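Undergrad: Mind looking over this structure? Questions follow.
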Amino acid sequence: MAVAPTPVMFAIVTTRKDSVSGGMAPIFIAEDDQERERIAMWLTRITNAIVHDLHNGTLVLTVNQES
Amino acid sequence: MSSSSISINWTPMIVGFVAGLISRLFSLKTGTTHYPGYPSGYISQLALAVIAAMIGSSVLIALIGKQFTAATFLTLAATQFRDVRNTERQTLAQEEKLILVSRGPGYIEGIAITYEARNYLAMLVALLTSAITMVGGLVIGVIGAVIVVIIGEIFMSGQHLGDIVDVEPAKIWFDKGSLLYVGDVMMMEVGLPHPRERYEKEGLGVVLTPKNERGQAVLWNISQRQAISYEAAAAVGVQKDVGYPEQTPLCRMAMPAGTGKAGLSILPVDHDMNKLIRAIKRTPVLESSKWNRMTSPVLNRKEM
């Protein structure tokens with residue numbers, strides 16, 4: 001494991017489409033909180049990315065880049 | 001005493017050899033590093049121990065027998081032990097990618113250096129013992145061997161984390177809905193509800209409070225904290241696999257206050273707090289963390 005990993009934005013899952021825009025990560029738009037959590041869960045299991053809650057209806061997934 | 005190379009007094013060599021070998025064997029328990037964990041590892045270490053003890057015990061005999069060429073060759077053979085460190089480091093670094101909770105580079109370096117030093121210690125013990133036996137005879141030689149081996153053990157046994165850091169159980173809770181706290185130490189953000197429930201139900205948390213300045217300096221070292229996580233996971237197990245990054249055991253400092261305290265959160269397989277605390281207290285203090293005193297934010301702040 002890299003001792004000080006560099007997180008890279010991997011994906012964004014949101015219920016509020018207007019609160020995010022642009023960038024390098026794909027944005028997944030969910031109908032409600034439950035679907036948002038389900039999508040985030042799938043993505044983290046598939047890609048080993050870490051889920052962070054921004055508490056504004058948006059979940060951010062980051063992966064730690066190999067240094 | 002042998003006056004020529006023809007009549008050799010074997011006693012010092014034999015006593016020295018045995019003492020050197022015993023000194024190496026003492027430290028060959030698997031112990032806290034979980035290494036070597038396989039029979040072939042023991043064999044290669046045993047072979048090195050025999051060679052080291054042999055070199056140490058025969059140097060003096062060779063010199064007294066005026067076999068300077070032989071003595072030179074023996075010192076040459078001793079330098080070969082430098083490779084031991086590299087071999088150990090490579091093996092452990094390879095393993096690092098295959099285990100779920102890694103040891104961290106500092107721990108690996110510590111283990112590698114210890115393995116190298118142990119062989120040199122065996123050599124020194126053999127040399128000293130053979131010298132004592134040569135001067136004092138068999139009985140004094142054996143007594144001297146025991147003393148030298150014990151001194152070597154005391155000299156080589158490093159500090160454990162329990163000596164400089166207090167380890168106490170602490171509650172795992174979530175602030176602002178998703179921030180995982182152990183006691184008053186913020187650990188990480190857990191964005192998904194299921195892992196949060198799991199942590200609240202099954203997680204174990206401890207807070208590490210340094211007893212003195214040395215303890216603070218040691219805790220600020222990232223490698224040291226990775227070693228602590230590794231030892232904790234090795235003791236109580238960890239519910240983790242690839243694809244579950246939020247269930248990794250973590251050891252983090254209390255930030256942003258920087259009080260010098262550290263917290264550790266783990267999702268154990270074996271829900272045993274005593275076992276966890278014992279394992280953390282037995283974690284060796286890494287050599288590399290000794291030098292972090294100057295870079296410790298807390299220690300520097302005190303000097304202001």
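We label chains A, B, ... in the order they appear in the structure tokens, count residues from 1 in each chain, and number ligands from 1 in the order shown.
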Which residues of chain B are close to chain A, meaning at most 10 Å apart when you count only C-alpha atoms, and how do they look as JSON, numbers by chain?
TA: {"B": [96, 97, 99, 100, 101, 102, 103, 104, 105, 106, 176, 177, 178, 179, 188, 189, 190, 191, 192, 193, 194, 222, 223, 226, 241, 242, 243, 244, 245, 246]}
Undergrad: Apply DSSP to the structure's backbone, then extract all residues of chain A labelled strand (DSSP E) and return them as number ranges by chain.
TA: A: 6-14, 27-29, 50-53, 58-65
Undergrad: Would you list, as number ranges by chain, the residues of chain A that end up in alpha helix (DSSP H) under DSSP run on this structure's backbone?
TA: A: 33-47
Undergrad: List as a list in words the protein and nucleic acid residues near Met255 in chain B, meaning an atom at most 12 Å away when only C-alpha atoms are counted, but skip any in the same chain fewer than 5 places from it.
TA: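 Neighbouring residues, sequence-local ones excluded: Tyr181, Asp184, Val185, Met186, Met187, Met188, Trp220, Gly260, Lys261, Ala262, Gly263, Pro297 and Val298 of chain B.
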Undergrad: Kindly give the distance, in Å, that separates CA of Ser23 in chain B and CA of Lys66 in chain B, rounded to a single decimal.
TA: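 Computing it gives 28.2 Å between the two atoms.
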Undergrad: What is the distance between CA of Ser130 in chain B and CA of Leu60 in chain B, in Å to one decimal?
TA: 7.4 Å
Undergrad: Give me, as a list of chain:residue names, all polymer residues having an atom no more than 10 Å from range 20-34 of chain A, counting only C-alpha atoms and skipping those fewer than 4 positions away in the same chain.
TA: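 Once the adjacent positions are removed, what remains is A:Val8, A:Met9, A:Phe10, A:Ala11, A:Ile12, A:Val13, A:Thr14, A:Thr15, A:Arg16, A:Arg38, A:Ile39, A:Ala40, A:Gly57, A:Thr58, A:Leu59, A:Val60, A:Leu61, A:Thr62.
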Undergrad: Do you have the CA of Gly20 in chain B-CA of Leu121 in chain B distance handy?
TA: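 Distance between the two atoms: 7.8 Å.
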